[in-house]
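As provided, start-v8.cif (mmCIF, C-alpha atoms) reads as follows.
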data_input
#
loop_
_atom_site.label_atom_id
_atom_site.label_comp_id
_atom_site.auth_asym_id
_atom_site.auth_seq_id
_atom_site.Cartn_x
_atom_site.Cartn_y
_atom_site.Cartn_z
CA LEU A 1 10.79 3.31 -23.82
CA ASN A 2 10.27 0.69 -26.52
CA GLN A 3 13.89 0.82 -27.75
CA PRO A 4 16.06 -2.25 -26.91
CA LEU A 5 18.75 -1.75 -24.31
CA ASP A 6 22.36 -1.85 -25.53
CA ASN A 7 23.41 -3.62 -22.32
CA PRO A 8 20.47 -5.68 -21.08
CA ILE A 9 20.50 -6.59 -17.42
CA LEU A 10 19.52 -10.22 -18.05
CA PRO A 11 21.74 -12.49 -20.22
CA THR A 12 20.34 -13.94 -23.43
CA ALA A 13 20.59 -17.51 -24.71
CA LYS A 14 23.24 -16.34 -27.16
CA ASP A 15 25.55 -15.55 -24.24
CA PHE A 16 25.73 -19.24 -23.34
CA LEU A 17 26.49 -20.62 -26.80
CA GLU A 18 29.73 -22.60 -27.06
CA ASP A 19 32.39 -21.69 -29.58
CA PRO A 20 31.73 -23.98 -32.60
CA LYS A 21 35.43 -24.85 -32.72
CA LYS A 22 35.20 -26.26 -29.19
CA VAL A 23 32.03 -28.29 -29.67
CA HIS A 24 32.49 -32.06 -29.25
CA PRO A 25 29.07 -33.49 -28.37
CA SER A 26 28.71 -37.02 -27.02
CA ARG A 27 27.55 -39.53 -29.62
CA PRO A 28 26.04 -43.00 -29.47
CA ARG A 29 28.19 -46.07 -29.86
CA LYS A 30 28.54 -47.62 -33.29
CA LYS A 31 26.02 -50.35 -34.03
CA PHE A 32 28.43 -53.06 -35.16
CA ALA A 33 31.55 -54.52 -33.60
CA GLY A 34 34.46 -53.76 -35.91
CA GLU A 35 32.83 -50.65 -37.34
CA LEU A 36 35.21 -48.32 -35.45
CA ILE A 37 38.33 -49.09 -33.42
CA GLN A 38 39.88 -46.38 -31.24
CA MET A 39 43.62 -46.63 -30.56
CA ASP A 40 45.92 -44.73 -28.23
CA ALA A 41 49.06 -44.98 -26.09
CA SER A 42 49.11 -44.05 -22.41
CA PRO A 43 52.44 -43.15 -20.72
CA HIS A 44 52.40 -44.08 -17.04
CA ALA A 45 54.44 -45.78 -14.30
CA TRP A 46 52.59 -49.04 -14.91
CA PHE A 47 55.13 -51.19 -13.11
CA GLY A 48 58.14 -49.92 -11.22
CA PRO A 49 59.34 -46.30 -11.19
CA GLU A 50 59.99 -45.95 -14.95
CA THR A 51 57.34 -44.69 -17.35
CA THR A 52 56.25 -47.08 -20.09
CA ASN A 53 53.57 -46.77 -22.76
CA LEU A 54 50.52 -48.99 -22.79
CA HIS A 55 49.13 -49.15 -26.33
CA LEU A 56 45.43 -49.94 -26.50
CA ALA A 57 42.69 -50.66 -29.02
CA ILE A 58 39.02 -50.59 -27.99
CA ASP A 59 35.97 -51.49 -30.04
CA ASP A 60 33.54 -48.57 -30.11
CA ALA A 61 30.39 -50.69 -30.25
CA SER A 62 31.13 -53.28 -27.57
CA GLY A 63 33.64 -51.46 -25.39
CA ASN A 64 35.86 -54.54 -25.48
CA ILE A 65 39.64 -54.24 -25.42
CA LEU A 66 40.79 -55.78 -28.71
CA GLY A 67 44.52 -55.31 -28.27
CA ALA A 68 47.06 -54.16 -25.69
CA TYR A 69 50.85 -53.95 -25.72
CA PHE A 70 53.55 -52.34 -23.58
CA ASP A 71 56.65 -50.62 -24.98
CA LYS A 72 59.14 -48.10 -23.63
CA GLN A 73 57.80 -45.41 -25.95
CA GLU A 74 54.93 -45.04 -28.39
CA THR A 75 56.14 -47.14 -31.31
CA LEU A 76 55.09 -48.58 -34.63
CA ASN A 77 56.17 -51.98 -33.32
CA ALA A 78 53.62 -51.78 -30.51
CA TYR A 79 50.77 -50.76 -32.81
CA TYR A 80 51.70 -53.59 -35.16
CA HIS A 81 51.39 -55.99 -32.21
CA ILE A 82 47.95 -54.57 -31.41
CA LEU A 83 46.86 -54.84 -35.04
CA GLU A 84 48.08 -58.45 -35.15
CA GLN A 85 46.02 -59.24 -32.03
CA ILE A 86 42.94 -57.73 -33.68
CA LEU A 87 43.47 -59.60 -36.95
CA ALA A 88 44.21 -62.93 -35.26
CA ASN A 89 41.34 -62.83 -32.76
CA HIS A 90 38.63 -60.85 -34.54
CA GLY A 91 39.42 -60.03 -38.17
CA ILE A 92 39.73 -56.87 -40.24
CA PRO A 93 37.85 -53.84 -38.86
CA LEU A 94 36.28 -51.16 -41.02
CA GLN A 95 37.95 -48.08 -39.52
CA MET A 96 40.56 -47.02 -36.97
CA LYS A 97 40.65 -43.69 -35.16
CA THR A 98 44.02 -42.69 -33.74
CA ASP A 99 45.78 -39.76 -32.15
CA LYS A 100 47.75 -37.28 -34.26
CA ARG A 101 51.15 -38.49 -33.17
CA THR A 102 54.24 -39.29 -35.20
CA VAL A 103 53.34 -42.96 -35.65
CA PHE A 104 50.16 -42.04 -37.52
CA THR A 105 50.85 -38.64 -39.10
CA TYR A 106 53.79 -37.58 -41.20
CA GLN A 107 56.14 -35.20 -39.43
CA ALA A 108 58.69 -33.37 -41.55
CA SER A 109 62.20 -34.06 -40.30
CA ASN A 110 65.76 -34.02 -41.52
CA SER A 111 65.69 -37.80 -41.88
CA LYS A 112 65.03 -39.12 -45.37
CA LYS A 113 65.20 -42.76 -44.31
CA MET A 114 62.18 -44.82 -45.18
CA GLU A 115 62.34 -46.68 -41.85
CA ASP A 116 61.80 -43.37 -40.02
CA ASP A 117 58.58 -42.60 -41.89
CA THR A 118 56.26 -44.63 -39.66
CA TYR A 119 53.23 -42.81 -41.07
CA THR A 120 53.78 -44.31 -44.51
CA GLN A 121 54.53 -47.78 -43.19
CA PHE A 122 51.51 -48.09 -40.90
CA GLY A 123 49.36 -46.42 -43.53
CA TYR A 124 50.36 -48.87 -46.24
CA ALA A 125 49.76 -51.84 -43.93
CA CYS A 126 46.22 -50.54 -43.31
CA HIS A 127 45.85 -49.88 -47.04
CA GLN A 128 46.67 -53.53 -47.79
CA LEU A 129 43.97 -54.57 -45.33
CA ALA A 130 41.45 -51.97 -46.64
CA ILE A 131 41.18 -50.40 -43.18
CA LEU A 132 40.02 -46.78 -43.18
CA ARG A 133 42.03 -44.43 -40.95
CA GLU A 134 41.17 -41.20 -39.19
CA THR A 135 43.48 -39.13 -36.99
CA THR A 136 42.44 -36.53 -34.46
CA SER A 137 44.15 -34.27 -31.94
CA ILE A 138 40.94 -33.86 -29.93
CA PRO A 139 40.74 -36.16 -26.87
CA GLN A 140 36.92 -36.00 -26.84
CA ALA A 141 36.80 -37.41 -30.36
CA LYS A 142 38.21 -40.69 -29.05
CA GLY A 143 36.66 -40.50 -25.62
CA ARG A 144 36.17 -44.24 -25.18
CA VAL A 145 39.87 -45.08 -25.35
CA GLU A 146 40.72 -42.00 -23.25
CA ARG A 147 38.36 -43.20 -20.51
CA LEU A 148 39.79 -46.70 -20.82
CA ASN A 149 43.27 -45.26 -20.21
CA GLN A 150 42.06 -43.61 -17.01
CA THR A 151 40.33 -46.78 -15.83
CA LEU A 152 43.38 -48.95 -16.41
CA GLN A 153 45.74 -46.47 -14.76
CA SER A 154 43.81 -46.98 -11.54
CA ARG A 155 43.40 -50.76 -11.86
CA LEU A 156 46.19 -52.34 -13.89
CA PRO A 157 49.24 -51.27 -11.81
CA ILE A 158 47.69 -52.98 -8.78
CA GLU A 159 47.25 -56.22 -10.74
CA LEU A 160 50.77 -56.04 -12.16
CA GLU A 161 52.24 -55.57 -8.69
CA ARG A 162 50.09 -58.35 -7.26
CA ASN A 163 51.40 -60.71 -9.94
CA ASN A 164 55.02 -59.61 -9.42
CA ILE A 165 55.33 -58.16 -12.94
CA HIS A 166 58.41 -55.99 -13.42
CA THR A 167 59.50 -56.37 -17.07
CA LEU A 168 57.99 -55.49 -20.45
CA GLU A 169 58.04 -59.11 -21.57
CA ASP A 170 56.21 -60.36 -18.48
CA ALA A 171 53.76 -57.45 -18.64
CA ASN A 172 52.83 -58.18 -22.26
CA THR A 173 52.31 -61.86 -21.44
CA PHE A 174 50.10 -60.90 -18.50
CA LEU A 175 47.99 -58.58 -20.68
CA LEU A 176 46.72 -61.49 -22.78
CA SER A 177 44.83 -63.01 -19.85
CA TYR A 178 43.98 -59.64 -18.30
CA ILE A 179 42.18 -58.49 -21.47
CA GLN A 180 39.94 -61.55 -21.39
CA THR A 181 39.06 -61.01 -17.72
CA PHE A 182 38.45 -57.29 -18.25
CA ASN A 183 36.16 -57.83 -21.23
CA GLU A 184 34.12 -60.46 -19.39
CA GLN A 185 33.58 -58.00 -16.55
CA PHE A 186 33.10 -54.71 -18.39
CA GLY A 187 32.61 -55.47 -22.10
CA ASN A 188 29.45 -55.88 -24.14
CA LYS A 189 28.74 -59.25 -25.70
CA THR A 190 27.28 -57.82 -28.92
CA LYS A 191 26.83 -60.37 -31.70
CA LEU A 192 26.48 -57.81 -34.49
CA SER A 193 29.84 -57.68 -36.25
CA VAL A 194 31.31 -56.34 -39.48
CA PHE A 195 34.79 -57.78 -38.98
CA GLU A 196 36.08 -59.30 -42.23
CA GLU A 197 38.16 -62.47 -42.46
CA ALA A 198 41.84 -61.68 -41.92
CA PRO A 199 44.75 -62.94 -44.04
CA ASN A 200 46.50 -66.07 -42.81
CA PRO A 201 49.45 -65.73 -40.36
CA SER A 202 52.11 -65.98 -43.08
CA GLU A 203 50.47 -63.20 -45.08
CA ARG A 204 50.03 -61.01 -41.99
CA ASN A 205 53.69 -61.52 -41.17
CA LEU A 206 54.63 -59.68 -44.37
CA ILE A 207 51.88 -57.07 -44.23
CA LEU A 208 53.02 -55.93 -40.77
CA ALA A 209 56.57 -55.31 -41.96
CA ARG A 210 59.11 -52.55 -41.44
CA LEU A 211 60.63 -51.12 -44.63
CA ALA A 212 64.02 -49.71 -45.50
CA GLU A 213 65.73 -48.78 -48.76
CA ARG A 214 69.29 -50.07 -49.23
CA VAL A 215 71.84 -50.77 -51.99
CA VAL A 216 74.05 -53.82 -52.47
CA ASP A 217 77.68 -53.18 -51.48
CA SER A 218 80.89 -54.42 -53.10
CA GLY A 219 80.71 -57.58 -50.98
CA HIS A 220 77.24 -58.41 -52.41
CA HIS A 221 75.54 -57.70 -49.07
CA ILE A 222 73.19 -55.00 -47.83
CA ARG A 223 73.60 -53.34 -44.43
CA PHE A 224 70.57 -53.07 -42.17
CA GLN A 225 70.52 -52.21 -38.45
CA ASN A 226 74.30 -52.65 -38.24
CA ARG A 227 74.18 -56.15 -39.71
CA TYR A 228 74.94 -57.46 -43.19
CA TYR A 229 72.62 -59.67 -45.23
CA MET A 230 72.96 -61.53 -48.53
CA PRO A 231 70.00 -62.53 -50.70
CA VAL A 232 69.39 -66.28 -50.85
CA GLU A 233 67.25 -68.32 -53.25
CA GLN A 234 66.51 -71.99 -52.57
CA GLY A 235 69.39 -72.10 -50.10
CA LYS A 236 71.94 -70.65 -52.54
CA GLU A 237 73.53 -67.22 -52.27
CA VAL A 238 72.59 -64.75 -55.01
CA TYR A 239 75.22 -62.16 -56.00
CA PHE A 240 73.94 -58.82 -57.29
CA ILE A 241 76.17 -56.11 -58.70
CA ARG A 242 77.22 -53.18 -56.54
CA LYS A 243 74.62 -50.40 -56.04
CA THR A 244 71.68 -52.64 -56.93
CA LYS A 245 68.66 -51.17 -55.12
CA ALA A 246 66.88 -53.36 -52.60
CA LEU A 247 63.78 -52.85 -50.47
CA VAL A 248 64.44 -54.41 -47.06
CA LEU A 249 61.41 -56.03 -45.42
CA LYS A 250 61.71 -56.79 -41.72
CA ALA A 251 58.73 -59.05 -41.25
CA PHE A 252 56.61 -59.02 -38.12
CA ASP A 253 58.42 -62.10 -36.77
CA GLY A 254 61.83 -60.46 -37.34
CA ASP A 255 62.84 -62.35 -40.49
CA ILE A 256 64.62 -60.22 -43.10
CA TYR A 257 63.56 -60.34 -46.75
CA LEU A 258 64.83 -58.37 -49.75
CA ASN A 259 62.67 -57.12 -52.61
CA ILE A 260 64.94 -56.72 -55.64
CA ALA A 261 63.18 -55.85 -58.91
CA ASP A 262 59.89 -57.09 -57.37
CA LYS A 263 61.27 -60.51 -56.52
CA ILE A 264 61.40 -61.50 -52.85
CA TYR A 265 64.54 -63.20 -51.50
CA HIS A 266 65.30 -64.76 -48.16
CA THR A 267 68.51 -63.55 -46.56
CA LYS A 268 71.59 -64.97 -44.90
CA GLU A 269 73.31 -62.90 -42.24
CA LEU A 270 77.06 -62.33 -42.52
CA LEU A 271 78.69 -63.41 -39.25
CA ASP A 272 81.59 -61.50 -37.70
CA HIS A 273 83.52 -64.75 -37.25
CA GLU A 274 83.16 -68.32 -38.46
CA LEU A 275 81.25 -70.57 -36.10
CA TYR A 276 84.05 -73.15 -36.24
CA SER A 277 87.54 -73.49 -37.71
CA LYS A 278 87.92 -75.90 -40.61
CA ASN A 279 91.61 -76.18 -39.78
CA PHE A 280 91.36 -76.94 -36.07
CA GLU A 281 87.85 -78.19 -35.32
CA GLN A 282 85.48 -80.91 -36.40
CA GLU A 283 82.48 -79.67 -38.34
CA PRO A 284 79.49 -79.50 -35.97
CA GLU A 285 76.27 -81.34 -36.70
CA GLN A 286 74.02 -79.18 -38.84
CA LYS A 287 70.77 -78.18 -37.17
CA LYS A 288 67.65 -78.44 -39.27
CA GLU A 289 66.63 -74.90 -40.19
CA ARG A 290 63.09 -73.68 -39.72
CA ARG A 291 61.26 -73.74 -43.02
CA LYS A 292 60.69 -70.15 -44.08
CA TYR A 293 57.59 -68.88 -45.81
CA ILE A 294 58.05 -68.21 -49.53
CA PRO A 295 55.99 -65.14 -50.50
CA PRO A 296 53.87 -65.51 -53.65
CA GLN A 297 54.12 -63.16 -56.61
CA THR A 298 51.13 -61.27 -55.18
CA HIS A 299 53.02 -60.40 -51.99
CA PRO A 300 51.92 -57.08 -50.41
CA TRP A 301 55.16 -55.17 -50.92
CA LYS A 302 55.32 -55.19 -54.71
CA LEU A 303 57.07 -51.98 -55.73
CA THR A 304 54.40 -51.02 -58.25
CA SER A 305 51.55 -51.04 -55.72
CA PHE A 306 53.73 -49.39 -53.05
CA LYS A 307 54.71 -46.58 -55.43
CA GLN A 308 51.06 -46.08 -56.38
CA TYR A 309 50.18 -45.75 -52.70
CA LEU A 310 52.96 -43.19 -52.18
CA HIS A 311 51.82 -41.18 -55.20
CA LYS A 312 48.23 -41.15 -53.91
CA ASN A 313 49.55 -39.71 -50.63
CA LYS A 314 51.66 -37.10 -52.46
CA LYS A 315 54.97 -38.80 -51.75
CA ASP A 316 57.66 -40.08 -54.06
CA TYR A 317 59.51 -43.37 -53.71
CA GLU A 318 62.63 -41.76 -55.12
CA GLU A 319 62.88 -39.34 -52.19
CA PHE A 320 63.95 -42.27 -50.02
CA THR A 321 66.67 -43.40 -52.41
#
Could you express the structure from this file as structure tokens?
Amino acid sequence: LNQPLDNPILPTAKDFLEDPKKVHPSRPRKKFAGELIQMDASPHAWFGPETTNLHLAIDDASGNILGAYFDKQETLNAYYHILEQILANHGIPLQMKTDKRTVFTYQASNSKKMEDDTYTQFGYACHQLAILRETTSIPQAKGRVERLNQTLQSRLPIELERNNIHTLEDANTFLLSYIQTFNEQFGNKTKLSVFEEAPNPSERNLILARLAERVVDSGHHIRFQNRYYMPVEQGKEVYFIRKTKALVLKAFDGDIYLNIADKIYHTKELLDHELYSKNFEQEPEQKKERRKYIPPQTHPWKLTSFKQYLHKNKKDYEEFT
């Protein structure tokens, strides 16, 4: 009679234990603003019948939206825009937590092009800013941004329709004022912050760059995104020999730079046709060109530091060449 039953009638506490692999307990918010930023993209019919992706960044401590940007798909370009908003308005955060998607994690593919490896490019930009990164495939691990997605899916489309917003450009412009209104209504005005001072706009413009590896052709140009560019120094064209390797930097503002042997050059685009005929037309008045930023020798895309970063992440610069 004193022997335990093999199949007790009443359940035991052990019967209700969760599988350790499925455990994701709620946790308190971080103490300081800037200590942890959660980022994600939410596909939804935000305006009109087509699905677009709203990219978001939320501060874990305050619950404030720090950045928001629409794009047709989840893109590196959109996350760069969010990061620029954070840097410009708040500073450098300590850590970012993101989803395990192709923008943030390396996915093996047949493509060997550097511009397709968004993991490396976003990672190196964060490395230059000393931002720690964590990726997760568990929605509960970034619950604050997941809940924000749900909240905005019920609220934002109504506001976009009310303001007659039907294009990506107009939607992104509208987001700037919407974020401020949303944070005033739902955010936390915490004054405890660990945001660090961000680089100046010219420096950020180069840090948030897209990279590509190219070689100089027989016409002394490089081809990038179906256009041809020649290196320029102090307004004069520079002619490199054929097959000279060049690291193309498409800056955040769209300007194209070339890193050749760790020296940065401006570029001049090769036009399909001359703008005017010297034989049949009068030379038009020359417009004053916008003064372009000249990167210092400590620019962020020095090949030595970039190769060291690749090596640390078990990648080889030569695999792109």
A straight line from CA of His81 (chain A) to CA of Lys307 (chain A) spans 25.3 Å
Written as a ChimeraX atom specification, which residues does the PyMOL selection byres ((chain A and resi 265) around 6) give for the file shown?
/A:231-232,257-258,264,266
Would you work out the distance separating CA of Gly143 (chain A) from CA of His55 (chain A), expressed in Å to one decimal?
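Interatomic distance, CA of Gly143 (chain A) to CA of His55 (chain A): 15.2 Å.
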What gap, in Å, lies between CA of Arg29 (chain A) and CA of Tyr124 (chain A)?
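Going from CA of Arg29 (chain A) over to CA of Tyr124 (chain A) covers 27.7 Å.
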Determine the axis-aligned bounding box of all atoms of region 206-209 of chain A present in the file, pad each side by 5 Å, and express its centre and edge lengths in Å to one decimal place as JSON.
{"center_x": 54.2, "center_y": -57.5, "center_z": -42.6, "size_x": 14.7, "size_y": 14.4, "size_z": 13.6}
Residue among A:Asn226, A:Asn89, A:Thr75, A:Gln38 lying closest to Asp117 (chain A), counting only C-alpha atoms:
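Looking at the shortest contact to Asp117 (chain A), the residue is A:Thr75.
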Counting all atoms listed in the file, the residue among A:Tyr229, A:Asn64, A:Ala251, A:Gly91 that lies closest to Phe182 (chain A) is A:Asn64
Kindly indicate which residue among A:Asn188, A:Leu83, A:Lys14, A:Arg210 lies nearest to Gln121 (chain A), using only C-alpha atoms for the distances.
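Using only C-alpha atoms, the shortest distance to Gln121 (chain A) belongs to A:Arg210.
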Neighbouring residues of Thr304 (chain A) were defined as those with any atom within 12 Å, considering all atoms listed in the file; residues of the same chain fewer than 5 positions away were excluded. Please report them as a PDB file with C-alpha atoms, keeping the file's coordinate frame.
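Listing of around.pdb after writing:
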ATOM      1  CA  ASN A 259      62.670 -57.120 -52.610  1.00  0.00           C
ATOM      2  CA  ALA A 261      63.180 -55.850 -58.910  1.00  0.00           C
ATOM      3  CA  ASP A 262      59.890 -57.090 -57.370  1.00  0.00           C
ATOM      4  CA  LYS A 263      61.270 -60.510 -56.520  1.00  0.00           C
ATOM      5  CA  THR A 298      51.130 -61.270 -55.180  1.00  0.00           C
ATOM      6  CA  HIS A 299      53.020 -60.400 -51.990  1.00  0.00           C
ATOM      7  CA  TYR A 309      50.180 -45.750 -52.700  1.00  0.00           C
ATOM      8  CA  LEU A 310      52.960 -43.190 -52.180  1.00  0.00           C
ATOM      9  CA  HIS A 311      51.820 -41.180 -55.200  1.00  0.00           C
ATOM     10  CA  TYR A 317      59.510 -43.370 -53.710  1.00  0.00           C
TER      11      TYR A 317
END
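Contact shell of Asn77 (chain A) at 12 Å (all atoms listed in the file; same-chain neighbours under 4 positions omitted): His55, Tyr69, Phe70, Asp71, Lys72, Gln73, His81, Ile82, Leu83, Glu84, Val103, Glu115, Thr118, Gln121, Phe122, Leu208, Ala209, Arg210, Lys250, Ala251, Phe252, Asp253 and Gly254 of chain A.
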For the residues in the current selection, export C-alpha atoms as a CSV table (one decimal), in the coordinates of the input.
chain,number,residue,atom,x,y,z
A,55,HIS,CA,49.1,-49.2,-26.3
A,69,TYR,CA,50.8,-54.0,-25.7
A,70,PHE,CA,53.6,-52.3,-23.6
A,71,ASP,CA,56.6,-50.6,-25.0
A,72,LYS,CA,59.1,-48.1,-23.6
A,73,GLN,CA,57.8,-45.4,-26.0
A,81,HIS,CA,51.4,-56.0,-32.2
A,82,ILE,CA,48.0,-54.6,-31.4
A,83,LEU,CA,46.9,-54.8,-35.0
A,84,GLU,CA,48.1,-58.4,-35.2
A,103,VAL,CA,53.3,-43.0,-35.6
A,115,GLU,CA,62.3,-46.7,-41.8
A,118,THR,CA,56.3,-44.6,-39.7
A,121,GLN,CA,54.5,-47.8,-43.2
A,122,PHE,CA,51.5,-48.1,-40.9
A,208,LEU,CA,53.0,-55.9,-40.8
A,209,ALA,CA,56.6,-55.3,-42.0
A,210,ARG,CA,59.1,-52.6,-41.4
A,250,LYS,CA,61.7,-56.8,-41.7
A,251,ALA,CA,58.7,-59.0,-41.2
A,252,PHE,CA,56.6,-59.0,-38.1
A,253,ASP,CA,58.4,-62.1,-36.8
A,254,GLY,CA,61.8,-60.5,-37.3
On this file, the PyMOL selection byres ((chain A and resi 192) around 9) gives some set of residues; write that set as a ChimeraX atom specification.
/A:31-33,190-191,193-194
Can you pull out the residues contacting region 154-165 of chain A? Cut-off 9 Å, using only C-alpha atoms, and skip same-chain residues under 4 positions away; I want them as a short mmCIF file (atom, residue, chain, number, x, y, z; two decimals) with C-alpha atoms, keeping the file's coordinate frame.
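Saved the output as part24.cif:
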data_model
loop_
_atom_site.label_atom_id
_atom_site.label_comp_id
_atom_site.auth_asym_id
_atom_site.auth_seq_id
_atom_site.Cartn_x
_atom_site.Cartn_y
_atom_site.Cartn_z
CA ALA A 45 54.44 -45.78 -14.30
CA TRP A 46 52.59 -49.04 -14.91
CA PHE A 47 55.13 -51.19 -13.11
CA GLY A 48 58.14 -49.92 -11.22
CA ASN A 149 43.27 -45.26 -20.21
CA GLN A 150 42.06 -43.61 -17.01
CA ASP A 170 56.21 -60.36 -18.48
CA ALA A 171 53.76 -57.45 -18.64
CA PHE A 174 50.10 -60.90 -18.50
CA TYR A 178 43.98 -59.64 -18.30
#
